[in-house]
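Enquirer: File name start.txt; file contents compact mmCIF, C-alpha atoms; full text below.
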```txt
# COMPACT_ATOMS: atom_id res chain seq x y z
CA MET L 30 188.39 124.50 103.12
CA LYS L 31 186.78 122.52 100.32
CA ARG L 32 185.87 119.70 102.71
CA LYS L 33 184.44 122.17 105.18
CA ALA L 34 182.38 123.88 102.48
CA LEU L 35 181.12 120.50 101.24
CA ARG L 36 180.15 119.52 104.78
CA VAL L 37 178.26 122.78 105.25
CA LEU L 38 176.47 122.23 101.93
CA LYS L 39 175.43 118.69 102.90
CA ILE L 40 174.13 119.88 106.27
CA SER L 41 172.21 122.69 104.58
CA ILE L 42 170.63 120.31 102.10
CA ARG L 43 169.60 117.95 104.89
CA LEU L 44 168.06 120.80 106.87
CA ILE L 45 166.13 121.96 103.82
CA LEU L 46 164.86 118.43 103.16
CA VAL L 47 163.80 118.07 106.79
CA TRP L 48 162.02 121.44 106.62
CA ILE L 49 160.20 120.39 103.45
CA ALA L 50 159.24 117.03 104.94
CA ILE L 51 157.85 118.72 108.05
CA GLY L 52 156.03 121.28 105.92
CA LEU L 53 154.33 118.56 103.94
CA ILE L 54 152.88 116.78 106.97
CA VAL L 55 152.43 119.46 109.63
CA PRO L 56 148.78 119.58 110.81
CA THR L 57 146.70 122.56 109.74
CA TRP L 58 144.27 124.51 111.88
CA THR L 59 142.66 127.92 112.29
CA PRO L 60 143.33 130.09 115.36
CA GLN L 61 140.84 129.83 118.17
CA ILE L 62 138.41 132.65 118.90
CA GLU L 63 137.72 133.31 122.55
CA GLY L 64 134.11 133.29 123.71
CA LYS L 65 131.41 130.98 125.05
CA ASN L 66 129.58 130.73 121.72
CA SER L 67 132.51 131.32 119.40
CA ILE L 68 133.35 129.01 116.54
CA SER L 69 136.65 128.47 114.74
CA SER L 70 136.72 125.25 112.75
CA LEU L 71 138.66 124.03 109.73
CA ARG L 72 137.81 120.59 108.39
CA GLN L 73 136.96 118.45 105.39
CA VAL L 74 133.27 118.00 104.72
CA MET L 75 131.85 115.54 102.19
CA ILE L 76 129.80 117.51 99.67
CA ASN L 77 128.27 115.73 96.69
CA GLY L 78 130.70 112.86 96.93
CA THR L 79 134.00 114.70 97.40
CA GLY L 80 135.80 116.37 100.28
CA HIS L 81 135.51 120.14 100.60
CA GLU L 82 137.65 122.13 103.01
CA VAL L 83 135.33 124.35 105.05
CA MET L 84 136.36 127.03 107.52
CA ILE L 85 133.81 128.62 109.85
CA ARG L 86 134.78 131.50 112.13
CA GLY L 87 132.94 133.98 114.35
CA VAL L 88 132.76 135.29 117.91
CA ASP L 89 129.19 134.00 118.26
CA ARG L 90 127.85 131.14 116.17
CA ARG L 91 124.34 132.58 116.67
CA ASN L 92 125.26 135.62 114.56
CA PRO L 93 123.96 135.76 110.96
CA VAL L 94 125.85 133.51 108.58
CA VAL L 95 127.80 134.65 105.53
CA ILE L 96 129.08 132.22 102.90
CA PHE L 97 131.93 133.54 100.74
CA VAL L 98 132.44 132.02 97.28
CA HIS L 99 136.04 132.49 96.18
CA GLY L 100 137.21 133.44 92.73
CA GLY L 101 140.07 132.45 90.50
CA PRO L 102 138.88 129.99 89.36
CA GLY L 103 140.74 127.75 91.76
CA CYS L 104 142.01 130.52 94.06
CA SER L 105 141.04 129.89 97.67
CA GLU L 106 140.72 133.06 99.73
CA ILE L 107 141.31 131.37 103.06
CA PRO L 108 144.94 132.61 103.15
CA TYR L 109 143.62 136.19 103.38
CA VAL L 110 141.23 135.58 106.24
CA THR L 111 143.30 136.09 109.37
CA LYS L 112 144.49 139.46 108.13
CA TYR L 113 141.28 140.98 106.80
CA GLN L 114 138.30 139.18 108.34
CA ASP L 115 138.58 140.12 112.02
CA LEU L 116 135.99 142.91 111.92
CA LEU L 117 133.44 140.78 110.10
CA GLU L 118 133.87 137.98 112.65
CA GLN L 119 132.56 140.32 115.35
CA HIS L 120 129.15 140.56 113.68
CA PHE L 121 128.79 137.49 111.46
CA THR L 122 129.65 133.82 111.35
CA ILE L 123 131.86 133.62 108.28
CA VAL L 124 132.10 130.53 106.10
CA HIS L 125 134.88 130.08 103.56
CA TYR L 126 135.35 126.92 101.53
CA ASP L 127 137.71 125.68 98.87
CA GLN L 128 135.66 124.76 95.82
CA ARG L 129 135.86 121.32 94.24
CA GLY L 130 139.34 120.85 92.82
CA SER L 131 140.68 124.01 94.48
CA GLY L 132 143.23 124.38 97.28
CA LYS L 133 142.67 121.90 100.09
CA SER L 134 139.67 120.52 98.19
CA TYR L 135 141.93 119.26 95.41
CA HIS L 136 142.47 115.52 95.74
CA PHE L 137 145.24 113.75 93.89
CA PHE L 138 144.03 111.13 91.39
CA GLU L 139 140.45 112.49 91.44
CA ASP L 140 138.90 113.04 88.01
CA TYR L 141 138.16 116.71 87.30
CA SER L 142 137.59 116.36 83.57
CA HIS L 143 133.87 117.11 83.96
CA LEU L 144 134.32 120.17 86.19
CA SER L 145 131.90 122.94 85.26
CA THR L 146 130.20 125.91 86.84
CA ASP L 147 126.99 123.89 87.15
CA VAL L 148 128.86 121.31 89.22
CA LEU L 149 130.24 124.08 91.44
CA VAL L 150 126.77 125.58 91.80
CA ASP L 151 125.35 122.27 92.99
CA ASP L 152 128.25 121.96 95.43
CA LEU L 153 127.51 125.43 96.80
CA LEU L 154 123.83 124.62 97.28
CA ALA L 155 124.70 121.40 99.13
CA LEU L 156 127.27 123.27 101.23
CA THR L 157 124.58 125.82 102.11
CA ASP L 158 122.35 123.01 103.38
CA TYR L 159 125.24 121.70 105.49
CA VAL L 160 126.00 125.13 106.94
CA GLU L 161 122.36 125.87 107.76
CA GLU L 162 122.05 122.54 109.58
CA GLU L 163 125.42 122.89 111.32
CA LEU L 164 124.64 126.40 112.61
CA GLY L 165 120.88 126.07 112.99
CA GLN L 166 119.99 128.93 110.66
CA GLN L 167 117.51 128.87 107.80
CA LYS L 168 118.87 131.54 105.47
CA VAL L 169 122.36 132.84 104.92
CA LEU L 170 123.90 135.82 103.17
CA LEU L 171 125.67 134.75 99.98
CA ILE L 172 128.75 136.70 98.85
CA GLY L 173 130.70 135.93 95.72
CA HIS L 174 134.03 137.50 94.79
CA SER L 175 135.35 137.84 91.24
CA PHE L 176 134.80 134.52 89.42
CA GLY L 177 132.90 133.44 92.54
CA THR L 178 130.15 135.84 91.49
CA TYR L 179 129.52 133.65 88.45
CA ILE L 180 128.92 130.68 90.75
CA GLY L 181 127.07 132.73 93.37
CA MET L 182 124.59 134.35 91.02
CA LYS L 183 123.73 131.05 89.36
CA ALA L 184 123.18 129.48 92.78
CA ALA L 185 121.03 132.39 93.98
CA ALA L 186 118.93 132.18 90.81
CA LYS L 187 118.53 128.41 91.10
CA ALA L 188 117.61 128.29 94.80
CA PRO L 189 116.67 131.78 96.05
CA GLY L 190 114.86 130.36 99.08
CA LYS L 191 118.18 129.40 100.66
CA TYR L 192 119.54 132.95 100.80
CA ALA L 193 118.60 136.23 102.43
CA ALA L 194 120.39 138.21 99.72
CA TYR L 195 123.16 138.04 97.15
CA ILE L 196 126.25 140.26 97.15
CA GLY L 197 128.71 140.27 94.25
CA ILE L 198 132.14 141.80 94.94
CA GLY L 199 134.09 142.41 91.74
CA GLN L 200 131.02 141.29 89.83
CA VAL L 201 131.49 139.27 86.64
CA SER L 202 129.45 140.66 83.76
CA ASP L 203 129.66 140.76 79.95
CA HIS L 204 133.04 139.20 79.18
CA VAL L 205 133.98 141.20 76.09
CA MET L 206 132.86 144.51 77.57
CA SER L 207 134.79 143.95 80.79
CA GLU L 208 137.95 142.73 79.07
CA THR L 209 137.85 145.60 76.59
CA ASP L 210 137.60 148.06 79.48
CA SER L 211 140.58 146.35 81.10
CA LEU L 212 142.54 146.45 77.85
CA ASN L 213 141.88 150.15 77.30
CA PHE L 214 142.89 150.88 80.89
CA VAL L 215 146.21 149.06 80.50
CA ILE L 216 147.00 150.76 77.20
CA ASP L 217 146.16 154.19 78.58
CA GLN L 218 148.20 153.71 81.75
CA ALA L 219 151.13 152.21 79.85
CA ASN L 220 151.23 155.14 77.44
CA ARG L 221 151.04 157.61 80.32
CA ALA L 222 153.99 155.85 81.96
CA GLY L 223 155.95 155.77 78.71
CA ASN L 224 155.90 151.95 78.63
CA LEU L 225 155.24 151.62 74.92
CA ASP L 226 156.11 147.91 74.82
CA ASP L 227 153.32 147.17 77.33
CA ALA L 228 150.89 149.25 75.29
CA ARG L 229 151.82 147.43 72.07
CA GLN L 230 151.59 144.03 73.75
CA ALA L 231 148.10 144.83 75.00
CA GLU L 232 146.90 146.30 71.71
CA GLN L 233 147.87 143.12 69.88
CA LEU L 234 145.28 141.25 71.94
CA ARG L 235 142.31 143.42 70.98
CA ALA L 236 141.03 141.24 68.12
CA SER L 237 141.36 138.06 70.20
CA ILE L 238 139.49 139.67 73.10
CA LEU L 239 136.68 140.81 70.82
CA HIS L 240 136.36 137.23 69.59
CA GLU L 241 136.38 135.81 73.15
CA LYS L 242 139.72 134.07 72.61
CA ALA L 243 141.84 136.03 75.08
CA SER L 244 141.77 138.16 78.21
CA THR L 245 143.76 141.20 79.22
CA PRO L 246 146.94 139.91 80.94
CA ARG L 247 146.35 140.04 84.69
CA ALA L 248 150.01 140.86 85.28
CA LEU L 249 149.59 144.09 83.32
CA ILE L 250 146.37 144.98 85.12
CA ARG L 251 148.19 144.50 88.43
CA LYS L 252 151.18 146.50 87.22
CA TYR L 253 149.04 149.59 86.62
CA GLY L 254 146.86 149.40 89.74
CA GLY L 255 143.75 147.79 88.32
CA ALA L 256 143.84 144.87 90.77
CA ALA L 257 144.70 146.44 94.14
CA ARG L 258 145.58 149.92 95.39
CA LEU L 259 145.80 149.67 99.18
CA ILE L 260 147.15 146.15 99.66
CA ASP L 261 149.76 143.90 98.06
CA GLU L 262 147.40 141.05 97.26
CA ASN L 263 150.05 138.75 95.85
CA LEU L 264 152.33 139.17 98.88
CA ASP L 265 149.36 138.62 101.19
CA TYR L 266 148.50 135.48 99.28
CA TYR L 267 151.99 133.99 99.43
CA THR L 268 152.36 134.94 103.08
CA GLY L 269 149.04 133.33 103.90
CA PHE L 270 149.96 130.09 102.19
CA LEU L 271 153.43 129.82 103.67
CA PHE L 272 153.04 131.21 107.18
CA HIS L 273 149.40 131.01 108.25
CA PRO L 274 148.34 127.76 109.96
CA GLU L 275 145.47 126.90 107.62
CA TYR L 276 147.76 125.57 104.87
CA ASN L 277 150.92 123.47 104.77
CA LEU L 278 153.32 122.81 101.89
CA LEU L 279 151.28 119.85 100.66
CA ASP L 280 148.28 122.19 100.44
CA VAL L 281 150.34 124.61 98.37
CA ILE L 282 150.95 121.77 95.92
CA ARG L 283 147.23 121.03 95.94
CA TYR L 284 146.55 124.69 95.18
CA VAL L 285 148.94 124.74 92.22
CA ARG L 286 147.50 121.52 90.81
CA GLY L 287 143.95 122.79 91.31
CA VAL L 288 144.62 125.98 89.39
CA ALA L 289 146.18 123.93 86.60
CA VAL L 290 143.13 121.69 86.15
CA SER L 291 140.33 124.19 86.77
CA GLN L 292 141.22 127.63 85.45
CA ARG L 293 141.26 127.04 81.72
CA PRO L 294 137.96 125.14 81.31
CA LEU L 295 136.07 127.33 83.76
CA LEU L 296 137.34 130.61 82.32
CA GLU L 297 136.49 129.40 78.83
CA GLU L 298 132.98 128.59 80.01
CA GLU L 299 132.62 132.05 81.56
CA ALA L 300 133.91 133.75 78.40
CA HIS L 301 131.51 131.92 76.08
CA ALA L 302 128.44 131.90 78.36
CA ASP L 303 128.01 135.47 79.54
CA LEU L 304 126.41 135.70 82.95
CA PRO L 305 124.01 138.55 81.97
CA GLN L 306 122.48 136.18 79.42
CA ILE L 307 122.15 133.37 81.97
CA VAL L 308 120.89 135.19 85.05
CA LYS L 309 118.57 138.04 84.14
CA LYS L 310 116.52 137.95 87.31
CA LEU L 311 117.01 137.26 91.01
CA ASP L 312 114.12 136.75 93.41
CA ILE L 313 116.14 138.06 96.36
CA PRO L 314 117.83 141.41 97.07
CA ALA L 315 121.00 141.88 95.00
CA TYR L 316 124.01 144.07 95.68
CA PHE L 317 126.93 144.70 93.34
CA VAL L 318 129.98 145.93 95.27
CA MET L 319 132.85 147.32 93.24
CA GLY L 320 136.12 149.12 93.82
CA GLN L 321 136.37 152.34 91.84
CA TYR L 322 139.63 151.25 90.21
CA ASP L 323 138.69 147.64 89.48
CA TYR L 324 139.84 146.51 86.05
CA MET L 325 139.97 142.80 86.79
CA THR L 326 136.19 143.01 86.44
CA SER L 327 135.31 146.47 85.22
CA VAL L 328 132.95 148.81 87.05
CA HIS L 329 131.45 150.01 83.77
CA ALA L 330 130.53 146.48 82.66
CA ALA L 331 129.19 145.55 86.09
CA LYS L 332 126.99 148.67 86.13
CA ALA L 333 125.59 147.79 82.72
CA TYR L 334 124.65 144.33 84.02
CA PHE L 335 123.20 145.83 87.20
CA GLU L 336 120.90 148.11 85.19
CA GLU L 337 119.50 145.12 83.29
CA LEU L 338 119.14 142.79 86.28
CA VAL L 339 115.63 142.38 87.67
CA ALA L 340 115.48 141.99 91.45
CA PRO L 341 113.00 142.95 94.19
CA GLN L 342 115.65 145.22 95.65
CA LYS L 343 119.08 146.10 94.31
CA GLN L 344 121.95 148.44 95.05
CA PHE L 345 125.18 149.32 93.24
CA VAL L 346 127.93 150.21 95.69
CA VAL L 347 131.33 151.67 94.78
CA PHE L 348 134.19 151.89 97.27
CA PRO L 349 136.20 154.94 96.18
CA LYS L 350 139.72 153.89 97.20
CA SER L 351 139.73 150.26 96.11
CA ALA L 352 140.27 148.15 93.04
CA HIS L 353 139.30 144.46 92.90
CA TYR L 354 139.38 143.81 96.66
CA PRO L 355 137.25 146.41 98.49
CA GLN L 356 136.49 143.89 101.27
CA PHE L 357 140.24 143.87 102.01
CA GLU L 358 141.43 147.27 100.79
CA GLU L 359 138.76 149.16 102.74
CA LYS L 360 137.90 146.51 105.29
CA GLU L 361 136.58 148.93 107.92
CA ALA L 362 134.24 150.64 105.48
CA PHE L 363 133.16 147.31 104.01
CA ALA L 364 132.41 145.82 107.44
CA LYS L 365 130.37 148.89 108.36
CA TRP L 366 128.44 148.68 105.10
CA LEU L 367 127.74 144.97 105.52
CA VAL L 368 126.46 145.40 109.08
CA GLN L 369 124.19 148.23 107.95
CA THR L 370 122.97 146.25 104.96
CA TRP L 371 122.12 143.25 107.12
CA SER L 372 120.21 145.50 109.52
CA GLU L 373 118.17 146.89 106.63
CA LEU L 374 117.47 143.41 105.30
CA THR L 375 116.16 142.16 108.62
CA SER L 376 114.06 145.28 109.15
CA ARG L 377 112.40 144.64 105.78
CA GLY L 378 111.63 141.07 106.69
CA ASN L 379 114.04 139.32 104.32
CA MET L 380 114.87 136.77 107.01
```
Is it possible to express this structure as structure tokens?

Expert:
Amino acid sequence: MKRKALRVLKISIRLILVWIAIGLIVPTWTPQIEGKNSISSLRQVMINGTGHEVMIRGVDRRNPVVIFVHGGPGCSEIPYVTKYQDLLEQHFTIVHYDQRGSGKSYHFFEDYSHLSTDVLVDDLLALTDYVEEELGQQKVLLIGHSFGTYIGMKAAAKAPGKYAAYIGIGQVSDHVMSETDSLNFVIDQANRAGNLDDARQAEQLRASILHEKASTPRALIRKYGGAARLIDENLDYYTGFLFHPEYNLLDVIRYVRGVAVSQRPLLEEEAHADLPQIVKKLDIPAYFVMGQYDYMTSVHAAKAYFEELVAPQKQFVVFPKSAHYPQFEEKEAFAKWLVQTWSELTSRGNM
């Protein structure tokens, strides 16, 4: 029996090693979209001297173009796409990309010691030029999500002529105000649930948050529904990485390494250089889109920033059932809103 068990163990180990080896080298791709003018591409594009993974999808490449800027930092949103983007692909040509040092754009042995938001802004502007040339369109709609709004707003302020409008989902705002809102939410919810240890743990961070030395633990925000209400975003993320065709196991390693090298310096920059003090004016229409229950980036802080922002046209939109991911949690309502918003933009001559 011992020999048989040992033989089974050896076979199992070999099968696991074979599975890992295959997972590391299996080609990646994005599912094809049927249609004469459809586009579904996933490839590396050289942007400012380094490879960026760029995915472009839509039923008709002649449709208006949307560039999504992912958050994190370092957290590609491509793993979500096949589950939540289908409605948008009917009306827009959607561009997702992994930022420098993130996901499939992380390159082993490349130096990321000088990574900054300004570098990522310049990459986004160069990517925009590439997309406009590739798809033959002069202006695109720029959408940032979470930390991606920090990059997106700086890009829109620096080169407004490239974009028809800016949309910030889960908009970054005053760091201390937002984190304090998140902290108070966690403490309140923990006390209501009788989880006094969570409440005490959070309260101990208050002084550090006020001095820009800490953030409210994201695990606690998730625990009490301040990250997502209608989806399991973590499960969706893991499922996308492991089972969707856009990533293989080597890309998962790239993702983990990218988060390790990028999150700390970029989050420290965001905490000490508040976006409302950097971008006070946009020369294009601006939309802040928030989920009612968002405490990853608080609605209250985003609204305060919105009121101060100068823009030729602006709108503050709240999706009533969502937290930090209204584009996923209420994807039908979000798609309808985006189509209507684009129609209004074109009717006003913003294109």

Enquirer: L:Ile198, L:Pro108, L:Pro102, L:Thr209: which is nearest Leu264 (chain L), counting only C-alpha atoms?

Expert: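 The shortest atom-to-atom distance to Leu264 (chain L) comes from L:Pro108.
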
Enquirer: Could you name the residues that touch Gln200 (chain L) at 8 Å or less, counting all atoms listed in the file, but leaving out those on the same chain fewer than 2 positions away, as a ChimeraX atom specification?

Expert: /L:173-176,178-179,197-198,202,317-319,326,331

Enquirer: For the residues in the current selection, export C-alpha atoms as a JSON list (two decimals), in the frame of the given file.

Expert:
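Listing of again21.json after writing:
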```
[["chain", "number", "residue", "atom", "x", "y", "z"],
["L", 173, "GLY", "CA", 130.70, 135.93, 95.72],
["L", 174, "HIS", "CA", 134.03, 137.50, 94.79],
["L", 175, "SER", "CA", 135.35, 137.84, 91.24],
["L", 176, "PHE", "CA", 134.80, 134.52, 89.42],
["L", 178, "THR", "CA", 130.15, 135.84, 91.49],
["L", 179, "TYR", "CA", 129.52, 133.65, 88.45],
["L", 197, "GLY", "CA", 128.71, 140.27, 94.25],
["L", 198, "ILE", "CA", 132.14, 141.80, 94.94],
["L", 202, "SER", "CA", 129.45, 140.66, 83.76],
["L", 317, "PHE", "CA", 126.93, 144.70, 93.34],
["L", 318, "VAL", "CA", 129.98, 145.93, 95.27],
["L", 319, "MET", "CA", 132.85, 147.32, 93.24],
["L", 326, "THR", "CA", 136.19, 143.01, 86.44],
["L", 331, "ALA", "CA", 129.19, 145.55, 86.09]]
```

Enquirer: What lies within 7 Å of Val339 (chain L) using all atoms listed in the file, ignoring chain neighbours under 3 positions off, as a PyMOL selection string?

Expert: chain L and resi 309-311

Enquirer: Report as a ChimeraX atom specification all protein, DNA and RNA residues lying within 7 Å of Ile250 (chain L), evaluated on only C-alpha atoms, omitting residues in the same chain fewer than 6 positions from it.

Expert: /L:215,256,324-325

Enquirer: Next, write the just-selected residues to a file, as a compact mmCIF listing (two decimals), keeping the file's coordinate frame, keeping C-alpha atoms as the atom set.

Expert:
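So out_16.txt came out as:
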```txt
# COMPACT_ATOMS: atom_id res chain seq x y z
CA VAL L 215 146.21 149.06 80.50
CA ALA L 256 143.84 144.87 90.77
CA TYR L 324 139.84 146.51 86.05
CA MET L 325 139.97 142.80 86.79
```

Enquirer: May I ask for the distance between CA of Leu278 (chain L) and CA of Glu118 (chain L), given in Å to one decimal place?

Expert: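 Here the two named atoms are 26.9 Å from each other.
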
Enquirer: Tell me, as a PyMOL selection string, which residues lie within 10 Å of Thr370 (chain L), counting only C-alpha atoms; anything in the same chain fewer than 6 positions away does not count.

Expert: chain L and resi 194+316+364+376

Enquirer: Rank nothing, just name the residue among L:Leu156, L:Ile96, L:Met206, L:Leu171 nearest to Val74 (chain L), using all atoms listed in the file.

Expert: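 Smallest distance to Val74 (chain L) is found for L:Leu156.
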
Enquirer: Return the single residue from L:Ile85, L:Gly190, L:Met182, L:Thr57 that is closest to Gln167 (chain L), with distances computed using all atoms listed in the file.

Expert: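 Looking at the shortest contact to Gln167 (chain L), the residue is L:Gly190.
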
Enquirer: Atoms are missing here; could region 96-110 of chain L be completed with N, CA, C and O atoms and written as a CSV table (one decimal), in the coordinates of the input?

Expert:
```
chain,number,residue,atom,x,y,z
L,96,ILE,N,128.3,133.1,103.7
L,96,ILE,CA,129.1,132.2,102.9
L,96,ILE,C,129.8,133.0,101.8
L,96,ILE,O,129.2,133.7,101.0
L,97,PHE,N,131.1,132.9,101.8
L,97,PHE,CA,131.9,133.5,100.7
L,97,PHE,C,132.3,132.5,99.7
L,97,PHE,O,132.7,131.4,100.0
L,98,VAL,N,132.1,132.9,98.4
L,98,VAL,CA,132.4,132.0,97.3
L,98,VAL,C,133.7,132.6,96.6
L,98,VAL,O,133.6,133.7,96.0
L,99,HIS,N,134.8,131.9,96.7
L,99,HIS,CA,136.0,132.5,96.2
L,99,HIS,C,136.1,132.5,94.7
L,99,HIS,O,135.4,131.8,94.0
L,100,GLY,N,137.0,133.3,94.2
L,100,GLY,CA,137.2,133.4,92.7
L,100,GLY,C,138.3,132.6,92.2
L,100,GLY,O,138.7,131.6,92.7
L,101,GLY,N,139.0,133.1,91.1
L,101,GLY,CA,140.1,132.4,90.5
L,101,GLY,C,139.9,132.3,89.0
L,101,GLY,O,140.2,133.2,88.2
L,102,PRO,N,139.3,131.2,88.6
L,102,PRO,CA,138.9,130.0,89.4
L,102,PRO,C,140.1,129.3,90.0
L,102,PRO,O,141.2,129.5,89.6
L,103,GLY,N,139.8,128.6,91.1
L,103,GLY,CA,140.7,127.8,91.8
L,103,GLY,C,141.5,128.5,92.8
L,103,GLY,O,142.4,127.9,93.4
L,104,CYS,N,141.2,129.7,93.1
L,104,CYS,CA,142.0,130.5,94.1
L,104,CYS,C,141.3,130.7,95.4
L,104,CYS,O,140.5,131.6,95.6
L,105,SER,N,141.6,129.8,96.3
L,105,SER,CA,141.0,129.9,97.7
L,105,SER,C,141.4,131.2,98.3
L,105,SER,O,142.5,131.8,98.1
L,106,GLU,N,140.5,131.8,99.0
L,106,GLU,CA,140.7,133.1,99.7
L,106,GLU,C,141.0,132.9,101.2
L,106,GLU,O,141.1,133.8,102.0
L,107,ILE,N,141.0,131.6,101.6
L,107,ILE,CA,141.3,131.4,103.1
L,107,ILE,C,142.6,132.0,103.5
L,107,ILE,O,142.7,132.5,104.6
L,108,PRO,N,143.7,132.0,102.7
L,108,PRO,CA,144.9,132.6,103.2
L,108,PRO,C,144.8,134.1,103.5
L,108,PRO,O,145.7,134.6,104.3
L,109,TYR,N,143.8,134.8,103.0
L,109,TYR,CA,143.6,136.2,103.4
L,109,TYR,C,142.9,136.4,104.7
L,109,TYR,O,143.0,137.5,105.3
L,110,VAL,N,142.2,135.4,105.2
L,110,VAL,CA,141.2,135.6,106.2
L,110,VAL,C,141.8,136.2,107.5
L,110,VAL,O,141.2,137.2,108.1
```
